[in-house]
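Here is model-v1.cif, consisting of mmCIF, N, CA, C and O atoms:
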```cif
data_protein
#
loop_
_atom_site.group_PDB
_atom_site.id
_atom_site.type_symbol
_atom_site.label_atom_id
_atom_site.label_comp_id
_atom_site.auth_asym_id
_atom_site.auth_seq_id
_atom_site.Cartn_x
_atom_site.Cartn_y
_atom_site.Cartn_z
ATOM 1 N N MET A 141 38.980 -28.250 -6.106
ATOM 2 C CA MET A 141 37.594 -28.083 -5.727
ATOM 3 C C MET A 141 37.148 -26.683 -6.126
ATOM 4 O O MET A 141 37.815 -25.705 -5.856
ATOM 5 N N ARG A 142 36.007 -26.626 -6.750
ATOM 6 C CA ARG A 142 35.486 -25.358 -7.213
ATOM 7 C C ARG A 142 34.536 -24.776 -6.171
ATOM 8 O O ARG A 142 33.656 -25.460 -5.661
ATOM 9 N N HIS A 143 34.695 -23.517 -5.879
ATOM 10 C CA HIS A 143 33.820 -22.834 -4.925
ATOM 11 C C HIS A 143 32.811 -22.001 -5.694
ATOM 12 O O HIS A 143 33.144 -21.334 -6.670
ATOM 13 N N PHE A 144 31.609 -22.078 -5.241
ATOM 14 C CA PHE A 144 30.551 -21.301 -5.867
ATOM 15 C C PHE A 144 30.397 -19.986 -5.123
ATOM 16 O O PHE A 144 30.317 -19.960 -3.899
ATOM 17 N N ILE A 145 30.362 -18.937 -5.867
ATOM 18 C CA ILE A 145 30.176 -17.621 -5.275
ATOM 19 C C ILE A 145 28.733 -17.217 -5.541
ATOM 20 O O ILE A 145 28.304 -17.137 -6.692
ATOM 21 N N SER A 146 28.021 -17.006 -4.466
ATOM 22 C CA SER A 146 26.628 -16.597 -4.631
ATOM 23 C C SER A 146 26.578 -15.140 -5.055
ATOM 24 O O SER A 146 27.475 -14.351 -4.766
ATOM 25 N N SER A 147 25.538 -14.821 -5.755
ATOM 26 C CA SER A 147 25.392 -13.437 -6.182
ATOM 27 C C SER A 147 25.180 -12.560 -4.951
ATOM 28 O O SER A 147 24.699 -13.010 -3.916
ATOM 29 N N SER A 148 25.556 -11.327 -5.078
ATOM 30 C CA SER A 148 25.422 -10.427 -3.932
ATOM 31 C C SER A 148 23.946 -10.276 -3.584
ATOM 32 O O SER A 148 23.084 -10.230 -4.464
ATOM 33 N N PRO A 149 23.646 -10.218 -2.296
ATOM 34 C CA PRO A 149 22.245 -10.101 -1.898
ATOM 35 C C PRO A 149 21.658 -8.776 -2.362
ATOM 36 O O PRO A 149 22.355 -7.764 -2.423
ATOM 37 N N LYS A 150 20.399 -8.824 -2.680
ATOM 38 C CA LYS A 150 19.722 -7.606 -3.113
ATOM 39 C C LYS A 150 19.533 -6.695 -1.910
ATOM 40 O O LYS A 150 19.275 -7.169 -0.805
ATOM 41 N N PRO A 151 19.666 -5.400 -2.125
ATOM 42 C CA PRO A 151 19.436 -4.490 -0.999
ATOM 43 C C PRO A 151 17.967 -4.569 -0.579
ATOM 44 O O PRO A 151 17.085 -4.807 -1.410
ATOM 45 N N PRO A 152 17.694 -4.392 0.702
ATOM 46 C CA PRO A 152 16.303 -4.465 1.140
ATOM 47 C C PRO A 152 15.466 -3.369 0.498
ATOM 48 O O PRO A 152 15.931 -2.252 0.291
ATOM 49 N N ARG A 153 14.260 -3.728 0.156
ATOM 50 C CA ARG A 153 13.340 -2.783 -0.481
ATOM 51 C C ARG A 153 12.873 -1.776 0.560
ATOM 52 O O ARG A 153 12.453 -2.148 1.646
ATOM 53 N N THR A 154 12.971 -0.528 0.234
ATOM 54 C CA THR A 154 12.502 0.491 1.161
ATOM 55 C C THR A 154 11.035 0.775 0.877
ATOM 56 O O THR A 154 10.601 0.820 -0.273
ATOM 57 N N LEU A 155 10.301 0.947 1.935
ATOM 58 C CA LEU A 155 8.875 1.223 1.811
ATOM 59 C C LEU A 155 8.648 2.727 1.720
ATOM 60 O O LEU A 155 9.372 3.507 2.330
ATOM 61 N N SER A 156 7.631 3.098 0.992
ATOM 62 C CA SER A 156 7.234 4.495 1.010
ATOM 63 C C SER A 156 6.546 4.760 2.346
ATOM 64 O O SER A 156 6.176 3.825 3.069
ATOM 65 N N ILE A 157 6.393 6.009 2.665
ATOM 66 C CA ILE A 157 5.744 6.340 3.936
ATOM 67 C C ILE A 157 4.316 5.808 3.948
ATOM 68 O O ILE A 157 3.861 5.254 4.949
ATOM 69 N N ALA A 158 3.612 5.919 2.836
ATOM 70 C CA ALA A 158 2.225 5.438 2.779
ATOM 71 C C ALA A 158 2.167 3.923 2.986
ATOM 72 O O ALA A 158 1.295 3.425 3.710
ATOM 73 N N GLU A 159 3.099 3.179 2.370
ATOM 74 C CA GLU A 159 3.128 1.724 2.554
ATOM 75 C C GLU A 159 3.459 1.372 3.998
ATOM 76 O O GLU A 159 2.890 0.447 4.569
ATOM 77 N N ALA A 160 4.385 2.111 4.599
ATOM 78 C CA ALA A 160 4.768 1.861 5.988
ATOM 79 C C ALA A 160 3.597 2.140 6.926
ATOM 80 O O ALA A 160 3.375 1.409 7.895
ATOM 81 N N ILE A 161 2.828 3.179 6.632
ATOM 82 C CA ILE A 161 1.649 3.497 7.453
ATOM 83 C C ILE A 161 0.614 2.383 7.331
ATOM 84 O O ILE A 161 0.047 1.941 8.328
ATOM 85 N N ARG A 162 0.381 1.896 6.112
ATOM 86 C CA ARG A 162 -0.575 0.794 5.925
ATOM 87 C C ARG A 162 -0.124 -0.457 6.675
ATOM 88 O O ARG A 162 -0.921 -1.124 7.341
ATOM 89 N N GLN A 163 1.165 -0.772 6.604
ATOM 90 C CA GLN A 163 1.678 -1.945 7.312
ATOM 91 C C GLN A 163 1.561 -1.767 8.826
ATOM 92 O O GLN A 163 1.228 -2.703 9.539
ATOM 93 N N THR A 164 1.789 -0.569 9.290
ATOM 94 C CA THR A 164 1.667 -0.293 10.718
ATOM 95 C C THR A 164 0.218 -0.408 11.172
ATOM 96 O O THR A 164 -0.055 -0.895 12.272
ATOM 97 N N GLN A 165 -0.734 0.001 10.335
ATOM 98 C CA GLN A 165 -2.145 -0.170 10.666
ATOM 99 C C GLN A 165 -2.490 -1.650 10.797
ATOM 100 O O GLN A 165 -3.223 -2.048 11.701
ATOM 101 N N ILE A 166 -1.934 -2.465 9.918
ATOM 102 C CA ILE A 166 -2.143 -3.913 10.001
ATOM 103 C C ILE A 166 -1.554 -4.453 11.299
ATOM 104 O O ILE A 166 -2.179 -5.261 11.999
ATOM 105 N N ASP A 167 -0.351 -3.981 11.655
ATOM 106 C CA ASP A 167 0.288 -4.405 12.898
ATOM 107 C C ASP A 167 -0.538 -3.986 14.114
ATOM 108 O O ASP A 167 -0.655 -4.744 15.081
ATOM 109 N N LEU A 168 -1.093 -2.785 14.065
ATOM 110 C CA LEU A 168 -1.949 -2.316 15.165
ATOM 111 C C LEU A 168 -3.185 -3.194 15.314
ATOM 112 O O LEU A 168 -3.542 -3.600 16.426
ATOM 113 N N ASP A 169 -3.847 -3.487 14.203
ATOM 114 C CA ASP A 169 -5.033 -4.344 14.246
ATOM 115 C C ASP A 169 -4.693 -5.715 14.816
ATOM 116 O O ASP A 169 -5.434 -6.258 15.642
ATOM 117 N N SER A 170 -3.570 -6.258 14.393
ATOM 118 C CA SER A 170 -3.140 -7.561 14.878
ATOM 119 C C SER A 170 -2.864 -7.525 16.383
ATOM 120 O O SER A 170 -3.276 -8.425 17.120
ATOM 121 N N ALA A 171 -2.188 -6.492 16.839
ATOM 122 C CA ALA A 171 -1.875 -6.373 18.267
ATOM 123 C C ALA A 171 -3.149 -6.241 19.093
ATOM 124 O O ALA A 171 -3.273 -6.855 20.164
ATOM 125 N N TYR A 172 -4.114 -5.459 18.601
ATOM 126 C CA TYR A 172 -5.388 -5.323 19.317
ATOM 127 C C TYR A 172 -6.124 -6.663 19.391
ATOM 128 O O TYR A 172 -6.651 -7.040 20.443
ATOM 129 N N LYS A 173 -6.177 -7.380 18.274
ATOM 130 C CA LYS A 173 -6.861 -8.681 18.261
ATOM 131 C C LYS A 173 -6.187 -9.671 19.195
ATOM 132 O O LYS A 173 -6.848 -10.397 19.937
ATOM 133 N N ASN A 174 -4.853 -9.716 19.152
ATOM 134 C CA ASN A 174 -4.127 -10.627 20.031
ATOM 135 C C ASN A 174 -4.342 -10.271 21.500
ATOM 136 O O ASN A 174 -4.510 -11.156 22.333
ATOM 137 N N LEU A 175 -4.343 -8.993 21.796
ATOM 138 C CA LEU A 175 -4.553 -8.559 23.173
ATOM 139 C C LEU A 175 -5.950 -8.925 23.659
ATOM 140 O O LEU A 175 -6.127 -9.338 24.807
ATOM 141 N N ASP A 176 -6.937 -8.819 22.781
ATOM 142 C CA ASP A 176 -8.314 -9.169 23.151
ATOM 143 C C ASP A 176 -8.458 -10.637 23.532
ATOM 144 O O ASP A 176 -9.309 -10.988 24.353
ATOM 145 N N HIS A 177 -7.636 -11.493 22.943
ATOM 146 C CA HIS A 177 -7.778 -12.933 23.160
ATOM 147 C C HIS A 177 -6.732 -13.526 24.096
ATOM 148 O O HIS A 177 -6.760 -14.722 24.363
ATOM 149 N N ALA A 178 -5.831 -12.700 24.593
ATOM 150 C CA ALA A 178 -4.762 -13.208 25.456
ATOM 151 C C ALA A 178 -5.276 -13.434 26.871
ATOM 152 O O ALA A 178 -6.033 -12.624 27.415
ATOM 153 N N LEU A 179 -4.878 -14.552 27.461
ATOM 154 C CA LEU A 179 -5.246 -14.874 28.831
ATOM 155 C C LEU A 179 -4.033 -14.923 29.753
ATOM 156 O O LEU A 179 -4.124 -14.595 30.928
ATOM 157 N N ASP A 180 -2.907 -15.325 29.213
ATOM 158 C CA ASP A 180 -1.687 -15.448 29.996
ATOM 159 C C ASP A 180 -1.105 -14.058 30.279
ATOM 160 O O ASP A 180 -0.991 -13.238 29.359
ATOM 161 N N PRO A 181 -0.761 -13.772 31.523
ATOM 162 C CA PRO A 181 -0.223 -12.439 31.852
ATOM 163 C C PRO A 181 1.025 -12.063 31.053
ATOM 164 O O PRO A 181 1.196 -10.894 30.682
ATOM 165 N N ASP A 182 1.880 -13.029 30.764
ATOM 166 C CA ASP A 182 3.077 -12.733 29.965
ATOM 167 C C ASP A 182 2.707 -12.348 28.538
ATOM 168 O O ASP A 182 3.318 -11.454 27.949
ATOM 169 N N LEU A 183 1.720 -13.031 27.973
ATOM 170 C CA LEU A 183 1.267 -12.681 26.622
ATOM 171 C C LEU A 183 0.595 -11.316 26.608
ATOM 172 O O LEU A 183 0.758 -10.551 25.651
ATOM 173 N N ILE A 184 -0.146 -11.015 27.638
ATOM 174 C CA ILE A 184 -0.785 -9.694 27.726
ATOM 175 C C ILE A 184 0.281 -8.611 27.728
ATOM 176 O O ILE A 184 0.176 -7.620 26.999
ATOM 177 N N ASP A 185 1.337 -8.801 28.534
ATOM 178 C CA ASP A 185 2.439 -7.836 28.555
ATOM 179 C C ASP A 185 3.089 -7.710 27.181
ATOM 180 O O ASP A 185 3.401 -6.603 26.723
ATOM 181 N N CYS A 186 3.289 -8.841 26.519
ATOM 182 C CA CYS A 186 3.895 -8.853 25.193
ATOM 183 C C CYS A 186 3.050 -8.063 24.194
ATOM 184 O O CYS A 186 3.571 -7.244 23.434
ATOM 185 N N TYR A 187 1.751 -8.303 24.196
ATOM 186 C CA TYR A 187 0.872 -7.615 23.242
ATOM 187 C C TYR A 187 0.736 -6.134 23.558
ATOM 188 O O TYR A 187 0.599 -5.310 22.656
ATOM 189 N N ILE A 188 0.787 -5.779 24.836
ATOM 190 C CA ILE A 188 0.774 -4.363 25.195
ATOM 191 C C ILE A 188 2.036 -3.690 24.659
ATOM 192 O O ILE A 188 1.982 -2.586 24.119
ATOM 193 N N TYR A 189 3.162 -4.377 24.786
ATOM 194 C CA TYR A 189 4.422 -3.849 24.271
ATOM 195 C C TYR A 189 4.346 -3.682 22.747
ATOM 196 O O TYR A 189 4.737 -2.647 22.206
ATOM 197 N N GLN A 190 3.818 -4.684 22.051
ATOM 198 C CA GLN A 190 3.679 -4.604 20.591
ATOM 199 C C GLN A 190 2.740 -3.474 20.196
ATOM 200 O O GLN A 190 2.991 -2.746 19.232
ATOM 201 N N LEU A 191 1.657 -3.327 20.942
ATOM 202 C CA LEU A 191 0.680 -2.284 20.657
ATOM 203 C C LEU A 191 1.307 -0.902 20.832
ATOM 204 O O LEU A 191 1.174 -0.036 19.962
ATOM 205 N N LYS A 192 2.007 -0.705 21.930
ATOM 206 C CA LYS A 192 2.649 0.581 22.182
ATOM 207 C C LYS A 192 3.704 0.880 21.113
ATOM 208 O O LYS A 192 3.805 2.010 20.628
ATOM 209 N N SER A 193 4.447 -0.131 20.721
ATOM 210 C CA SER A 193 5.457 0.035 19.686
ATOM 211 C C SER A 193 4.819 0.444 18.356
ATOM 212 O O SER A 193 5.289 1.366 17.682
ATOM 213 N N ALA A 194 3.752 -0.232 17.979
ATOM 214 C CA ALA A 194 3.068 0.088 16.721
ATOM 215 C C ALA A 194 2.449 1.484 16.778
ATOM 216 O O ALA A 194 2.470 2.213 15.780
ATOM 217 N N GLN A 195 1.914 1.865 17.932
ATOM 218 C CA GLN A 195 1.336 3.204 18.068
ATOM 219 C C GLN A 195 2.405 4.281 17.897
ATOM 220 O O GLN A 195 2.182 5.283 17.217
ATOM 221 N N MET A 196 3.550 4.061 18.530
ATOM 222 C CA MET A 196 4.637 5.037 18.416
ATOM 223 C C MET A 196 5.152 5.118 16.980
ATOM 224 O O MET A 196 5.422 6.211 16.479
ATOM 225 N N ARG A 197 5.276 3.976 16.306
ATOM 226 C CA ARG A 197 5.715 3.953 14.908
ATOM 227 C C ARG A 197 4.694 4.672 14.021
ATOM 228 O O ARG A 197 5.062 5.453 13.137
ATOM 229 N N TYR A 198 3.402 4.450 14.291
ATOM 230 C CA TYR A 198 2.324 5.084 13.519
ATOM 231 C C TYR A 198 2.388 6.611 13.648
ATOM 232 O O TYR A 198 2.334 7.325 12.656
ATOM 233 N N HIS A 199 2.542 7.090 14.879
ATOM 234 C CA HIS A 199 2.632 8.539 15.092
ATOM 235 C C HIS A 199 3.876 9.125 14.429
ATOM 236 O O HIS A 199 3.820 10.208 13.838
ATOM 237 N N PHE A 200 4.987 8.408 14.505
ATOM 238 C CA PHE A 200 6.211 8.859 13.853
ATOM 239 C C PHE A 200 6.020 8.948 12.340
ATOM 240 O O PHE A 200 6.403 9.936 11.717
ATOM 241 N N LEU A 201 5.417 7.920 11.749
ATOM 242 C CA LEU A 201 5.217 7.915 10.296
ATOM 243 C C LEU A 201 4.251 9.013 9.865
ATOM 244 O O LEU A 201 4.454 9.641 8.815
ATOM 245 N N LEU A 202 3.215 9.249 10.655
ATOM 246 C CA LEU A 202 2.292 10.348 10.332
ATOM 247 C C LEU A 202 3.020 11.687 10.382
ATOM 248 O O LEU A 202 2.816 12.549 9.521
ATOM 249 N N HIS A 203 3.871 11.845 11.381
ATOM 250 C CA HIS A 203 4.664 13.077 11.487
ATOM 251 C C HIS A 203 5.564 13.230 10.253
ATOM 252 O O HIS A 203 5.651 14.326 9.682
ATOM 253 N N CYS A 204 6.196 12.157 9.839
ATOM 254 C CA CYS A 204 7.055 12.192 8.651
ATOM 255 C C CYS A 204 6.249 12.530 7.399
ATOM 256 O O CYS A 204 6.707 13.313 6.551
ATOM 257 N N ALA A 205 5.066 11.952 7.286
ATOM 258 C CA ALA A 205 4.226 12.212 6.112
ATOM 259 C C ALA A 205 3.801 13.676 6.074
ATOM 260 O O ALA A 205 3.821 14.309 5.016
ATOM 261 N N ARG A 206 3.429 14.211 7.225
ATOM 262 C CA ARG A 206 3.033 15.622 7.272
ATOM 263 C C ARG A 206 4.214 16.530 6.945
ATOM 264 O O ARG A 206 4.061 17.529 6.246
ATOM 265 N N LYS A 207 5.376 16.182 7.479
ATOM 266 C CA LYS A 207 6.575 16.968 7.235
ATOM 267 C C LYS A 207 6.932 16.925 5.747
ATOM 268 O O LYS A 207 7.277 17.954 5.158
ATOM 269 N N GLU A 208 6.847 15.755 5.126
ATOM 270 C CA GLU A 208 7.149 15.609 3.704
ATOM 271 C C GLU A 208 6.149 16.392 2.863
ATOM 272 O O GLU A 208 6.518 17.055 1.899
ATOM 273 N N GLU A 209 4.881 16.349 3.244
ATOM 274 C CA GLU A 209 3.846 17.102 2.505
ATOM 275 C C GLU A 209 4.103 18.586 2.624
ATOM 276 O O GLU A 209 3.968 19.334 1.655
ATOM 277 N N PHE A 210 4.514 19.038 3.799
ATOM 278 C CA PHE A 210 4.805 20.457 4.013
ATOM 279 C C PHE A 210 5.991 20.886 3.171
ATOM 280 O O PHE A 210 5.992 21.974 2.612
ATOM 281 N N CYS A 211 7.004 20.029 3.062
ATOM 282 C CA CYS A 211 8.208 20.375 2.303
ATOM 283 C C CYS A 211 7.936 20.434 0.802
ATOM 284 O O CYS A 211 8.618 21.150 0.077
ATOM 285 N N GLU A 212 6.967 19.671 0.331
ATOM 286 C CA GLU A 212 6.658 19.654 -1.116
ATOM 287 C C GLU A 212 5.886 20.884 -1.541
ATOM 288 O O GLU A 212 5.912 21.242 -2.697
ATOM 289 N N ASN A 213 5.178 21.526 -0.636
ATOM 290 C CA ASN A 213 4.367 22.696 -0.994
ATOM 291 C C ASN A 213 5.185 23.942 -1.074
ATOM 292 O O ASN A 213 6.159 24.236 -0.650
#
```

Rewritten as structure tokens:
Amino acid sequence: MRHFISSSPKPPRTLSIAEAIRQTQIDLDSAYKNLDHALDPDLIDCYIYQLKSAQMRYHFLLHCARKEEFCEN
């Protein structure tokens, strides 16, 4: 019996800081929209958690972008 060996998986694509910030802005918008329309208390908690997570990621990425800009000058 012949075994097929799959090719090695491609490494995950890394995002630039600018791309990560844009994606985080999309995540923030989505979390805000979902929170606006949520009625179930569990969903409200979930969307608040997602919103807080996206906000923290956004601030972290902005800090990284500023730090990178400072290092290039």

Selection result of the PyMOL selection byres ((chain A and resi 195-207) around 7) on this file, as a CSV table (one decimal) with N, CA, C and O atoms, in the frame of the given file:
```csv
chain,number,residue,atom,x,y,z
A,157,ILE,N,6.4,6.0,2.7
A,157,ILE,CA,5.7,6.3,3.9
A,157,ILE,C,4.3,5.8,3.9
A,157,ILE,O,3.9,5.3,4.9
A,160,ALA,N,4.4,2.1,4.6
A,160,ALA,CA,4.8,1.9,6.0
A,160,ALA,C,3.6,2.1,6.9
A,160,ALA,O,3.4,1.4,7.9
A,161,ILE,N,2.8,3.2,6.6
A,161,ILE,CA,1.6,3.5,7.5
A,161,ILE,C,0.6,2.4,7.3
A,161,ILE,O,0.0,1.9,8.3
A,164,THR,N,1.8,-0.6,9.3
A,164,THR,CA,1.7,-0.3,10.7
A,164,THR,C,0.2,-0.4,11.2
A,164,THR,O,-0.1,-0.9,12.3
A,165,GLN,N,-0.7,0.0,10.3
A,165,GLN,CA,-2.1,-0.2,10.7
A,165,GLN,C,-2.5,-1.6,10.8
A,165,GLN,O,-3.2,-2.0,11.7
A,168,LEU,N,-1.1,-2.8,14.1
A,168,LEU,CA,-1.9,-2.3,15.2
A,168,LEU,C,-3.2,-3.2,15.3
A,168,LEU,O,-3.5,-3.6,16.4
A,189,TYR,N,3.2,-4.4,24.8
A,189,TYR,CA,4.4,-3.8,24.3
A,189,TYR,C,4.3,-3.7,22.7
A,189,TYR,O,4.7,-2.6,22.2
A,190,GLN,N,3.8,-4.7,22.1
A,190,GLN,CA,3.7,-4.6,20.6
A,190,GLN,C,2.7,-3.5,20.2
A,190,GLN,O,3.0,-2.7,19.2
A,191,LEU,N,1.7,-3.3,20.9
A,191,LEU,CA,0.7,-2.3,20.7
A,191,LEU,C,1.3,-0.9,20.8
A,191,LEU,O,1.2,0.0,20.0
A,192,LYS,N,2.0,-0.7,21.9
A,192,LYS,CA,2.6,0.6,22.2
A,192,LYS,C,3.7,0.9,21.1
A,192,LYS,O,3.8,2.0,20.6
A,193,SER,N,4.4,-0.1,20.7
A,193,SER,CA,5.5,0.0,19.7
A,193,SER,C,4.8,0.4,18.4
A,193,SER,O,5.3,1.4,17.7
A,194,ALA,N,3.8,-0.2,18.0
A,194,ALA,CA,3.1,0.1,16.7
A,194,ALA,C,2.4,1.5,16.8
A,194,ALA,O,2.5,2.2,15.8
A,208,GLU,N,6.8,15.8,5.1
A,208,GLU,CA,7.1,15.6,3.7
A,208,GLU,C,6.1,16.4,2.9
A,208,GLU,O,6.5,17.1,1.9
A,209,GLU,N,4.9,16.3,3.2
A,209,GLU,CA,3.8,17.1,2.5
A,209,GLU,C,4.1,18.6,2.6
A,209,GLU,O,4.0,19.3,1.7
A,210,PHE,N,4.5,19.0,3.8
A,210,PHE,CA,4.8,20.5,4.0
A,210,PHE,C,6.0,20.9,3.2
A,210,PHE,O,6.0,22.0,2.6
A,211,CYS,N,7.0,20.0,3.1
A,211,CYS,CA,8.2,20.4,2.3
A,211,CYS,C,7.9,20.4,0.8
A,211,CYS,O,8.6,21.2,0.1
A,212,GLU,N,7.0,19.7,0.3
A,212,GLU,CA,6.7,19.7,-1.1
A,212,GLU,C,5.9,20.9,-1.5
A,212,GLU,O,5.9,21.2,-2.7
```

task: Could you tell me how far atom N of A:Tyr187 lies from atom C of A:Arg162, in Å and to one decimal?
output: 19.3 Å

query: What is the atom CA of A:Ile188 to atom C of A:Ala171 distance in Å?
result: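 Between these atoms lies a distance of 7.5 Å.
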
Please give the centre and size of the box around stretch 186-197 of chain A (axis-aligned, containing every atom listed in the file, 3 Å added per side), with values in Å to one decimal and written as lines of an AutoDock Vina configuration file.
```
center_x = 3.2
center_y = -1.3
center_z = 19.8
size_x = 11.1
size_y = 21.1
size_z = 19.4
```

task: One decimal, Å: what's the distance from atom O of A:Ser170 over to atom C of A:Leu183, could you say?
output: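 We find that atom O of A:Ser170 and atom C of A:Leu183 lie 10.6 Å from each other.
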
message: Using only C-alpha atoms, which protein or nucleic acid residues come within 7 Å of stretch 184-186 of chain A? Drop anything in the same chain fewer than 5 positions from it, and give the result as a list in words.
response: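 The residues satisfying every condition are Leu175, Ala178 and Leu179 of chain A.
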